[in-house]
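Here's run-v3.cif, which has mmCIF, C-alpha atoms, pLDDT in the B column; chains and numbers go by the auth columns:
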data_entry
loop_
_atom_site.group_PDB
_atom_site.id
_atom_site.type_symbol
_atom_site.label_atom_id
_atom_site.label_comp_id
_atom_site.label_asym_id
_atom_site.label_seq_id
_atom_site.Cartn_x
_atom_site.Cartn_y
_atom_site.Cartn_z
_atom_site.B_iso_or_equiv
_atom_site.auth_seq_id
_atom_site.auth_asym_id
ATOM 1 C CA MET A 1 0.000 0.000 0.000 50.00 1187 A
ATOM 2 C CA ASP A 2 1.589 3.239 -1.141 53.00 1188 A
ATOM 3 C CA SER A 3 -0.742 5.780 0.483 69.00 1189 A
ATOM 4 C CA GLU A 4 0.029 7.196 3.924 78.00 1190 A
ATOM 5 C CA LEU A 5 -2.012 9.344 6.271 80.00 1191 A
ATOM 6 C CA ASN A 6 -0.950 12.899 6.974 82.00 1192 A
ATOM 7 C CA GLY A 7 0.839 13.241 10.293 81.00 1193 A
ATOM 8 C CA SER A 8 -1.205 14.578 13.209 87.00 1194 A
ATOM 9 C CA GLU A 9 -0.835 15.413 16.892 89.00 1195 A
ATOM 10 C CA LEU A 10 -3.048 12.339 17.456 85.00 1196 A
ATOM 11 C CA GLY A 11 0.036 10.332 16.540 83.00 1197 A
ATOM 12 C CA THR A 12 2.226 11.831 19.274 90.00 1198 A
ATOM 13 C CA LYS A 13 2.795 10.646 22.833 90.00 1199 A
ATOM 14 C CA GLU A 14 2.764 14.248 24.048 94.00 1200 A
ATOM 15 C CA PHE A 15 -0.835 14.715 22.900 93.00 1201 A
ATOM 16 C CA TRP A 16 -2.063 11.613 24.712 92.00 1202 A
ATOM 17 C CA GLU A 17 -0.136 12.376 27.885 95.00 1203 A
ATOM 18 C CA SER A 18 -1.762 15.798 28.014 95.00 1204 A
ATOM 19 C CA SER A 19 -5.211 14.377 27.255 94.00 1205 A
ATOM 20 C CA TYR A 20 -5.039 11.652 29.892 94.00 1206 A
ATOM 21 C CA ASN A 21 -3.575 13.987 32.464 94.00 1207 A
ATOM 22 C CA ARG A 22 -6.717 16.093 32.040 95.00 1208 A
ATOM 23 C CA GLU A 23 -8.946 13.012 32.179 94.00 1209 A
ATOM 24 C CA ILE A 24 -7.295 11.861 35.410 95.00 1210 A
ATOM 25 C CA ARG A 25 -8.219 15.182 36.990 95.00 1211 A
ATOM 26 C CA ASN A 26 -11.789 14.874 35.713 93.00 1212 A
ATOM 27 C CA TYR A 27 -12.070 11.323 36.998 94.00 1213 A
ATOM 28 C CA LYS A 28 -10.815 12.230 40.446 93.00 1214 A
ATOM 29 C CA SER A 29 -13.108 15.270 40.604 94.00 1215 A
ATOM 30 C CA HIS A 30 -16.287 13.950 38.980 90.00 1216 A
ATOM 31 C CA GLY A 31 -15.875 10.201 38.419 90.00 1217 A
ATOM 32 C CA ASP A 32 -15.891 10.754 34.643 90.00 1218 A
ATOM 33 C CA VAL A 33 -13.948 7.906 32.998 92.00 1219 A
ATOM 34 C CA GLY A 34 -13.307 10.057 29.926 84.00 1220 A
ATOM 35 C CA GLU A 35 -13.757 9.506 26.222 79.00 1221 A
ATOM 36 C CA ILE A 36 -14.330 6.034 24.835 78.00 1222 A
ATOM 37 C CA TRP A 37 -12.635 5.992 21.434 67.00 1223 A
ATOM 38 C CA PHE A 38 -15.154 5.522 18.571 69.00 1224 A
ATOM 39 C CA ASP A 39 -17.889 5.600 21.265 72.00 1225 A
ATOM 40 C CA GLU A 40 -19.282 2.733 23.322 78.00 1226 A
ATOM 41 C CA SER A 41 -21.127 1.035 20.452 87.00 1227 A
ATOM 42 C CA ALA A 42 -17.869 0.080 18.717 87.00 1228 A
ATOM 43 C CA GLN A 43 -16.576 -1.398 21.954 91.00 1229 A
ATOM 44 C CA TRP A 44 -19.717 -3.403 22.636 94.00 1230 A
ATOM 45 C CA ARG A 45 -19.927 -4.781 19.107 95.00 1231 A
ATOM 46 C CA THR A 46 -16.541 -6.394 19.657 96.00 1232 A
ATOM 47 C CA ILE A 47 -17.329 -7.612 23.166 96.00 1233 A
ATOM 48 C CA ASP A 48 -20.621 -9.097 21.996 96.00 1234 A
ATOM 49 C CA TRP A 49 -18.934 -10.879 19.093 97.00 1235 A
ATOM 50 C CA LEU A 50 -16.164 -12.310 21.281 97.00 1236 A
ATOM 51 C CA LEU A 51 -18.450 -13.563 24.029 95.00 1237 A
ATOM 52 C CA ASN A 52 -21.661 -14.487 22.208 94.00 1238 A
ATOM 53 C CA GLU A 53 -20.642 -15.399 18.666 94.00 1239 A
ATOM 54 C CA GLN A 54 -17.030 -16.497 18.966 96.00 1240 A
ATOM 55 C CA LYS A 55 -17.710 -17.793 22.486 95.00 1241 A
ATOM 56 C CA ILE A 56 -14.191 -17.330 23.787 96.00 1242 A
ATOM 57 C CA ASP A 57 -13.470 -19.093 27.071 96.00 1243 A
ATOM 58 C CA LYS A 58 -14.333 -16.554 29.782 96.00 1244 A
ATOM 59 C CA GLU A 59 -12.203 -18.351 32.352 96.00 1245 A
ATOM 60 C CA ALA A 60 -9.117 -19.449 30.445 96.00 1246 A
ATOM 61 C CA SER A 61 -8.533 -16.970 27.593 97.00 1247 A
ATOM 62 C CA ARG A 62 -5.804 -14.349 27.790 98.00 1248 A
ATOM 63 C CA VAL A 63 -6.817 -10.982 26.302 98.00 1249 A
ATOM 64 C CA LEU A 64 -4.486 -8.092 25.491 98.00 1250 A
ATOM 65 C CA ASP A 65 -5.814 -4.598 24.772 98.00 1251 A
ATOM 66 C CA LEU A 66 -3.376 -2.524 22.709 98.00 1252 A
ATOM 67 C CA GLY A 67 -3.392 1.213 23.389 97.00 1253 A
ATOM 68 C CA CYS A 68 -5.861 0.619 26.207 97.00 1254 A
ATOM 69 C CA GLY A 69 -6.420 4.277 27.080 95.00 1255 A
ATOM 70 C CA ASN A 70 -8.821 4.447 30.025 96.00 1256 A
ATOM 71 C CA GLY A 71 -9.182 0.657 29.941 96.00 1257 A
ATOM 72 C CA MET A 72 -12.937 0.566 29.403 96.00 1258 A
ATOM 73 C CA PHE A 73 -12.796 -2.258 26.841 96.00 1259 A
ATOM 74 C CA LEU A 74 -11.338 -4.614 29.449 98.00 1260 A
ATOM 75 C CA VAL A 75 -13.698 -3.251 32.094 97.00 1261 A
ATOM 76 C CA GLY A 76 -16.538 -4.119 29.733 96.00 1262 A
ATOM 77 C CA LEU A 77 -15.269 -7.689 29.352 97.00 1263 A
ATOM 78 C CA ALA A 78 -14.874 -8.063 33.117 97.00 1264 A
ATOM 79 C CA ASN A 79 -18.388 -6.747 33.726 96.00 1265 A
ATOM 80 C CA GLU A 80 -19.724 -9.373 31.306 96.00 1266 A
ATOM 81 C CA GLY A 81 -18.324 -12.141 33.479 95.00 1267 A
ATOM 82 C CA PHE A 82 -14.905 -12.595 31.896 96.00 1268 A
ATOM 83 C CA THR A 83 -12.526 -13.904 34.582 94.00 1269 A
ATOM 84 C CA GLY A 84 -9.534 -14.863 32.437 94.00 1270 A
ATOM 85 C CA ASP A 85 -6.287 -12.916 32.169 97.00 1271 A
ATOM 86 C CA LEU A 86 -6.971 -9.307 31.130 98.00 1272 A
ATOM 87 C CA THR A 87 -4.016 -7.066 30.257 98.00 1273 A
ATOM 88 C CA GLY A 88 -3.959 -3.556 28.819 98.00 1274 A
ATOM 89 C CA VAL A 89 -0.941 -1.644 27.537 98.00 1275 A
ATOM 90 C CA ASP A 90 -0.424 1.946 26.451 97.00 1276 A
ATOM 91 C CA TYR A 91 2.640 4.052 25.719 96.00 1277 A
ATOM 92 C CA SER A 92 1.145 6.882 27.783 96.00 1278 A
ATOM 93 C CA PRO A 93 1.900 6.469 31.504 97.00 1279 A
ATOM 94 C CA LYS A 94 -1.023 8.801 32.251 97.00 1280 A
ATOM 95 C CA ALA A 95 -3.411 6.524 30.345 97.00 1281 A
ATOM 96 C CA VAL A 96 -2.179 3.546 32.363 98.00 1282 A
ATOM 97 C CA GLU A 97 -2.600 5.514 35.595 97.00 1283 A
ATOM 98 C CA LEU A 98 -6.200 6.384 34.709 97.00 1284 A
ATOM 99 C CA ALA A 99 -7.013 2.789 33.708 97.00 1285 A
ATOM 100 C CA GLN A 100 -5.513 1.444 36.948 98.00 1286 A
ATOM 101 C CA ASN A 101 -7.549 3.881 39.033 97.00 1287 A
ATOM 102 C CA ILE A 102 -10.798 2.891 37.280 97.00 1288 A
ATOM 103 C CA ALA A 103 -10.124 -0.842 37.646 97.00 1289 A
ATOM 104 C CA GLN A 104 -9.168 -0.520 41.311 97.00 1290 A
ATOM 105 C CA ASP A 105 -12.235 1.581 42.126 96.00 1291 A
ATOM 106 C CA ASN A 106 -14.426 -1.058 40.472 96.00 1292 A
ATOM 107 C CA LYS A 107 -12.574 -3.883 42.254 96.00 1293 A
ATOM 108 C CA LEU A 108 -11.629 -5.528 38.949 97.00 1294 A
ATOM 109 C CA SER A 109 -8.581 -7.735 38.436 95.00 1295 A
ATOM 110 C CA ILE A 110 -7.025 -6.181 35.337 98.00 1296 A
ATOM 111 C CA THR A 111 -3.318 -5.645 34.673 98.00 1297 A
ATOM 112 C CA TYR A 112 -2.162 -2.427 33.008 98.00 1298 A
ATOM 113 C CA LYS A 113 1.378 -1.702 31.846 97.00 1299 A
ATOM 114 C CA VAL A 114 3.275 0.998 29.965 98.00 1300 A
ATOM 115 C CA ALA A 115 4.535 -0.350 26.631 97.00 1301 A
ATOM 116 C CA ASP A 116 5.600 1.100 23.284 96.00 1302 A
ATOM 117 C CA LEU A 117 4.176 -1.265 20.676 97.00 1303 A
ATOM 118 C CA THR A 118 6.672 -0.178 18.036 95.00 1304 A
ATOM 119 C CA GLN A 119 9.313 -1.915 20.181 94.00 1305 A
ATOM 120 C CA PRO A 120 9.641 -5.642 21.029 92.00 1306 A
ATOM 121 C CA GLN A 121 7.543 -6.578 24.080 94.00 1307 A
ATOM 122 C CA ASP A 122 8.521 -10.201 24.643 91.00 1308 A
ATOM 123 C CA GLU A 123 8.012 -10.001 28.406 94.00 1309 A
ATOM 124 C CA LEU A 124 4.247 -9.586 28.000 96.00 1310 A
ATOM 125 C CA GLY A 125 3.861 -13.148 26.748 96.00 1311 A
ATOM 126 C CA HIS A 126 1.272 -14.633 24.385 97.00 1312 A
ATOM 127 C CA PHE A 127 -2.480 -14.162 24.129 98.00 1313 A
ATOM 128 C CA ASP A 128 -5.614 -15.746 22.715 98.00 1314 A
ATOM 129 C CA VAL A 129 -7.176 -12.388 21.786 98.00 1315 A
ATOM 130 C CA VAL A 130 -5.316 -9.201 20.888 98.00 1316 A
ATOM 131 C CA HIS A 131 -7.538 -6.133 20.561 98.00 1317 A
ATOM 132 C CA ASP A 132 -6.871 -2.769 18.913 97.00 1318 A
ATOM 133 C CA LYS A 133 -9.414 0.045 18.794 95.00 1319 A
ATOM 134 C CA GLY A 134 -7.750 3.076 17.218 94.00 1320 A
ATOM 135 C CA THR A 135 -4.157 2.317 18.145 96.00 1321 A
ATOM 136 C CA TYR A 136 -3.038 1.314 14.662 97.00 1322 A
ATOM 137 C CA ASP A 137 -4.714 4.542 13.526 95.00 1323 A
ATOM 138 C CA ALA A 138 -2.661 6.553 16.008 94.00 1324 A
ATOM 139 C CA VAL A 139 0.562 4.843 14.921 96.00 1325 A
ATOM 140 C CA SER A 140 -0.375 5.646 11.319 95.00 1326 A
ATOM 141 C CA LEU A 141 -0.730 9.333 12.237 94.00 1327 A
ATOM 142 C CA CYS A 142 2.738 9.609 13.731 92.00 1328 A
ATOM 143 C CA PRO A 143 4.456 12.641 12.127 89.00 1329 A
ATOM 144 C CA ASP A 144 7.792 10.807 11.919 89.00 1330 A
ATOM 145 C CA ASN A 145 8.392 7.526 10.055 90.00 1331 A
ATOM 146 C CA ALA A 146 4.782 6.342 10.254 93.00 1332 A
ATOM 147 C CA LYS A 147 5.243 3.613 7.639 93.00 1333 A
ATOM 148 C CA GLU A 148 8.213 2.128 9.492 95.00 1334 A
ATOM 149 C CA LYS A 149 6.377 2.313 12.823 95.00 1335 A
ATOM 150 C CA ARG A 150 3.324 0.577 11.375 95.00 1336 A
ATOM 151 C CA ALA A 151 5.557 -2.288 10.263 96.00 1337 A
ATOM 152 C CA LEU A 152 7.209 -2.491 13.692 97.00 1338 A
ATOM 153 C CA TYR A 153 3.805 -2.462 15.359 97.00 1339 A
ATOM 154 C CA LEU A 154 2.625 -5.405 13.231 97.00 1340 A
ATOM 155 C CA ASP A 155 5.813 -7.328 14.057 97.00 1341 A
ATOM 156 C CA THR A 156 5.010 -6.893 17.741 97.00 1342 A
ATOM 157 C CA VAL A 157 1.355 -7.902 17.339 97.00 1343 A
ATOM 158 C CA GLU A 158 2.251 -11.060 15.437 97.00 1344 A
ATOM 159 C CA LYS A 159 4.458 -12.229 18.308 96.00 1345 A
ATOM 160 C CA PHE A 160 1.666 -11.689 20.838 97.00 1346 A
ATOM 161 C CA LEU A 161 -0.618 -14.294 19.220 97.00 1347 A
ATOM 162 C CA ARG A 162 -0.356 -17.571 21.107 95.00 1348 A
ATOM 163 C CA THR A 163 -1.394 -19.904 18.259 95.00 1349 A
ATOM 164 C CA ALA A 164 -2.525 -19.805 14.631 93.00 1350 A
ATOM 165 C CA ASP A 165 -6.108 -19.692 15.974 95.00 1351 A
ATOM 166 C CA SER A 166 -5.510 -16.679 18.224 97.00 1352 A
ATOM 167 C CA LEU A 167 -7.500 -13.599 17.218 98.00 1353 A
ATOM 168 C CA PHE A 168 -6.309 -10.099 16.322 98.00 1354 A
ATOM 169 C CA VAL A 169 -9.358 -7.805 16.419 98.00 1355 A
ATOM 170 C CA ILE A 170 -8.872 -4.314 15.020 98.00 1356 A
ATOM 171 C CA THR A 171 -11.246 -1.361 14.706 96.00 1357 A
ATOM 172 C CA SER A 172 -10.165 1.563 12.531 95.00 1358 A
ATOM 173 C CA CYS A 173 -11.705 4.811 11.346 91.00 1359 A
ATOM 174 C CA ASN A 174 -8.813 5.717 9.042 91.00 1360 A
ATOM 175 C CA TRP A 175 -8.339 2.550 6.989 94.00 1361 A
ATOM 176 C CA THR A 176 -10.879 0.595 4.962 93.00 1362 A
ATOM 177 C CA GLU A 177 -11.248 -3.168 5.127 94.00 1363 A
ATOM 178 C CA ASP A 178 -9.425 -3.586 1.804 94.00 1364 A
ATOM 179 C CA GLU A 179 -6.571 -1.350 2.948 95.00 1365 A
ATOM 180 C CA LEU A 180 -6.135 -3.246 6.202 96.00 1366 A
ATOM 181 C CA GLU A 181 -6.182 -6.600 4.417 97.00 1367 A
ATOM 182 C CA GLU A 182 -3.535 -5.378 1.995 96.00 1368 A
ATOM 183 C CA SER A 183 -1.332 -3.906 4.724 95.00 1369 A
ATOM 184 C CA PHE A 184 -1.579 -7.007 6.912 97.00 1370 A
ATOM 185 C CA ALA A 185 -1.320 -9.605 4.122 96.00 1371 A
ATOM 186 C CA GLU A 186 2.285 -10.570 4.859 96.00 1372 A
ATOM 187 C CA LYS A 187 1.504 -11.620 8.441 97.00 1373 A
ATOM 188 C CA PHE A 188 -2.270 -12.069 8.833 98.00 1374 A
ATOM 189 C CA VAL A 189 -5.332 -13.424 7.058 97.00 1375 A
ATOM 190 C CA LYS A 190 -8.872 -12.139 7.508 98.00 1376 A
ATOM 191 C CA TYR A 191 -11.065 -14.399 9.620 98.00 1377 A
ATOM 192 C CA TYR A 192 -14.220 -12.351 10.093 97.00 1378 A
ATOM 193 C CA THR A 193 -15.702 -8.892 9.516 97.00 1379 A
ATOM 194 C CA ILE A 194 -17.732 -7.504 12.417 96.00 1380 A
ATOM 195 C CA PRO A 195 -20.664 -5.514 10.945 92.00 1381 A
ATOM 196 C CA THR A 196 -20.472 -1.770 11.597 85.00 1382 A
ATOM 197 C CA PRO A 197 -22.817 1.147 10.780 75.00 1383 A
ATOM 198 C CA THR A 198 -22.944 2.249 7.140 67.00 1384 A
ATOM 199 C CA PHE A 199 -23.632 5.555 5.445 61.00 1385 A
ATOM 200 C CA LYS A 200 -24.580 6.512 1.899 58.00 1386 A
ATOM 201 C CA PHE A 201 -22.977 9.455 0.111 56.00 1387 A
ATOM 202 C CA GLY A 202 -23.010 10.234 -3.590 59.00 1388 A
ATOM 203 C CA GLY A 203 -24.689 6.917 -4.327 59.00 1389 A
ATOM 204 C CA LYS A 204 -21.941 4.929 -2.627 60.00 1390 A
ATOM 205 C CA VAL A 205 -22.201 3.023 0.641 54.00 1391 A
ATOM 206 C CA GLY A 206 -19.378 3.129 3.175 56.00 1392 A
ATOM 207 C CA ASN A 207 -18.661 2.313 6.814 63.00 1393 A
ATOM 208 C CA VAL A 208 -18.167 4.780 9.648 73.00 1394 A
ATOM 209 C CA VAL A 209 -15.564 2.449 11.162 88.00 1395 A
ATOM 210 C CA THR A 210 -14.093 -0.865 10.104 94.00 1396 A
ATOM 211 C CA SER A 211 -13.838 -3.837 12.497 95.00 1397 A
ATOM 212 C CA ILE A 212 -11.995 -6.910 11.273 97.00 1398 A
ATOM 213 C CA VAL A 213 -10.761 -10.085 12.948 98.00 1399 A
ATOM 214 C CA PHE A 214 -7.475 -11.510 11.699 98.00 1400 A
ATOM 215 C CA LYS A 215 -5.530 -14.670 12.420 98.00 1401 A
ATOM 216 C CA ARG A 216 -1.819 -15.226 12.061 96.00 1402 A
ATOM 217 C CA LYS A 217 -0.815 -16.379 8.612 90.00 1403 A
ATOM 218 C CA LYS A 218 0.167 -20.027 8.565 81.00 1404 A
ATOM 219 C CA GLU A 219 3.681 -20.780 7.372 68.00 1405 A
#
Output the file's structure in the form of structure tokens.
Amino acid sequence: MDSELNGSELGTKEFWESSYNREIRNYKSHGDVGEIWFDESAQWRTIDWLLNEQKIDKEASRVLDLGCGNGMFLVGLANEGFTGDLTGVDYSPKAVELAQNIAQDNKLSITYKVADLTQPQDELGHFDVVHDKGTYDAVSLCPDNAKEKRALYLDTVEKFLRTADSLFVITSCNWTEDELEESFAEKFVKYYTIPTPTFKFGGKVGNVVTSIVFKRKKE
């Protein structure tokens, strides 16, 4: 894929540190957990698919949330009765701090760690489900070397998947399904497309966001 997104402050650590620092203050003052990226409906579509259609093992599966932000995706899983290993990572220490506070206040057993996903993260181990909601988008918006960082990110994700049947679930508002398939083709194959809202413009139908499930490409 030759096209690249224009760089944006949304692709910088400084932006997210500032944003989550503000959200920590709001949470401590008003109990507001902050923004849920792509709104709650995108999050619940994925949770519903994992638990009710894919029927992942609620007790034994290991789930990793990439770029976890305030951690509400994993909170959602936990509130639906998921008792397996839940881990969230983000390169923003402030995001991790906010997510930890929310989980602790809700008495939920969720692990959150600071991690840069464009660097090897072997110590985190392997997972049955790896989830990304907007993180690949943010990497793609990095003002410096976005293409290289996207490749490094995918290298890291591939190593997280425990087996060839492990799931990589990604939701994007910047890349279409075809673009994601093309970009991921070297390492992943499409397993399922989670239906998302559509819109019609100029006689053409498109999606507000794209949610796709991939599996690791078999050698």
Under the rule of at most 12 Å, produce a per-residue listing of region 1333-1385 of chain A near region 1225-1228 of chain A: chain, number, name, the closest pair of atoms, and the distance in Å, as JSON lines, using all atoms listed in the file.
{"residue": "A:Val1355", "atom": "CA", "partner": "A:Ala1228", "partner_atom": "CA", "distance": 11.8}
{"residue": "A:Ile1356", "atom": "CA", "partner": "A:Ala1228", "partner_atom": "CA", "distance": 10.7}
{"residue": "A:Thr1357", "atom": "CA", "partner": "A:Ala1228", "partner_atom": "CA", "distance": 7.9}
{"residue": "A:Ser1358", "atom": "CA", "partner": "A:Ala1228", "partner_atom": "CA", "distance": 10.0}
{"residue": "A:Cys1359", "atom": "CA", "partner": "A:Ala1228", "partner_atom": "CA", "distance": 10.7}
{"residue": "A:Ile1380", "atom": "CA", "partner": "A:Ala1228", "partner_atom": "CA", "distance": 9.9}
{"residue": "A:Pro1381", "atom": "CA", "partner": "A:Ala1228", "partner_atom": "CA", "distance": 10.0}
{"residue": "A:Thr1382", "atom": "CA", "partner": "A:Ala1228", "partner_atom": "CA", "distance": 7.8}
{"residue": "A:Pro1383", "atom": "CA", "partner": "A:Ala1228", "partner_atom": "CA", "distance": 9.4}
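Nearest residue to Asp1351 (chain A), choosing from A:Leu1237, A:Cys1328, A:Leu1263, A:Val1315 and counting all atoms listed in the file: A:Val1315.
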Quick one: residues within 10 Å of region 1276-1293 of chain A, all atoms listed in the file counted, chain neighbours fewer than 2 positions away excluded, as a tab-separated table (two decimals) with C-alpha atoms, in the frame of the given file?
chain	number	residue	atom	x	y	z
A	1198	THR	CA	2.23	11.83	19.27
A	1199	LYS	CA	2.80	10.65	22.83
A	1200	GLU	CA	2.76	14.25	24.05
A	1201	PHE	CA	-0.84	14.72	22.90
A	1202	TRP	CA	-2.06	11.61	24.71
A	1203	GLU	CA	-0.14	12.38	27.88
A	1204	SER	CA	-1.76	15.80	28.01
A	1205	SER	CA	-5.21	14.38	27.26
A	1206	TYR	CA	-5.04	11.65	29.89
A	1207	ASN	CA	-3.58	13.99	32.46
A	1208	ARG	CA	-6.72	16.09	32.04
A	1209	GLU	CA	-8.95	13.01	32.18
A	1210	ILE	CA	-7.30	11.86	35.41
A	1211	ARG	CA	-8.22	15.18	36.99
A	1213	TYR	CA	-12.07	11.32	37.00
A	1214	LYS	CA	-10.82	12.23	40.45
A	1217	GLY	CA	-15.88	10.20	38.42
A	1218	ASP	CA	-15.89	10.75	34.64
A	1219	VAL	CA	-13.95	7.91	33.00
A	1220	GLY	CA	-13.31	10.06	29.93
A	1251	ASP	CA	-5.81	-4.60	24.77
A	1252	LEU	CA	-3.38	-2.52	22.71
A	1253	GLY	CA	-3.39	1.21	23.39
A	1254	CYS	CA	-5.86	0.62	26.21
A	1255	GLY	CA	-6.42	4.28	27.08
A	1256	ASN	CA	-8.82	4.45	30.02
A	1257	GLY	CA	-9.18	0.66	29.94
A	1258	MET	CA	-12.94	0.57	29.40
A	1260	LEU	CA	-11.34	-4.61	29.45
A	1261	VAL	CA	-13.70	-3.25	32.09
A	1264	ALA	CA	-14.87	-8.06	33.12
A	1265	ASN	CA	-18.39	-6.75	33.73
A	1274	GLY	CA	-3.96	-3.56	28.82
A	1295	SER	CA	-8.58	-7.74	38.44
A	1296	ILE	CA	-7.02	-6.18	35.34
A	1297	THR	CA	-3.32	-5.64	34.67
A	1298	TYR	CA	-2.16	-2.43	33.01
A	1299	LYS	CA	1.38	-1.70	31.85
A	1300	VAL	CA	3.28	1.00	29.96
A	1301	ALA	CA	4.54	-0.35	26.63
A	1302	ASP	CA	5.60	1.10	23.28
A	1303	LEU	CA	4.18	-1.26	20.68
A	1304	THR	CA	6.67	-0.18	18.04
A	1321	THR	CA	-4.16	2.32	18.14
- Item | Straight-line distance linking CA of Gly1197 (chain A) with CA of Asp1341 (chain A), stated in Å to one decimal |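 Result for CA of Gly1197 (chain A) versus CA of Asp1341 (chain A): 18.7 Å, one decimal.
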- Query: Could you name the residues that touch Glu1367 (chain A) at 7 Å or less, counting all atoms listed in the file, but leaving out those on the same chain fewer than 4 positions away, as an MDAnalysis selection string?
  - Reply: chainID A and resid 1363 1371 1376
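Across the structure, CA of Leu1272 (chain A) and CA of Arg1348 (chain A) are spaced 14.6 Å apart.
Between CA of Glu1239 (chain A) and CA of Ala1324 (chain A) there is a distance of 28.5 Å.
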- Query: Which is closer to Glu1334 (chain A) than all the others in A:His1317, A:Gln1305, A:Gly1262, A:Trp1230, using all atoms listed in the file?
  - Reply: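 Counting all atoms listed in the file, the residue closest to Glu1334 (chain A) is A:Gln1305.
Take the candidates A:Lys1244, A:Leu1353, A:Thr1396, A:Asn1360 and check each one against Val1375 (chain A) using only C-alpha atoms; the shortest distance goes to A:Leu1353.
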- Task: May I have the residues at most 12 Å from (-15.0, -17.1, 18.7) in the file's coordinates, counting all atoms listed in the file, as a PyMOL selection string?
- Result: chain A and resi 1232-1244+1247+1314-1315+1351-1355+1377-1378+1380+1399-1401
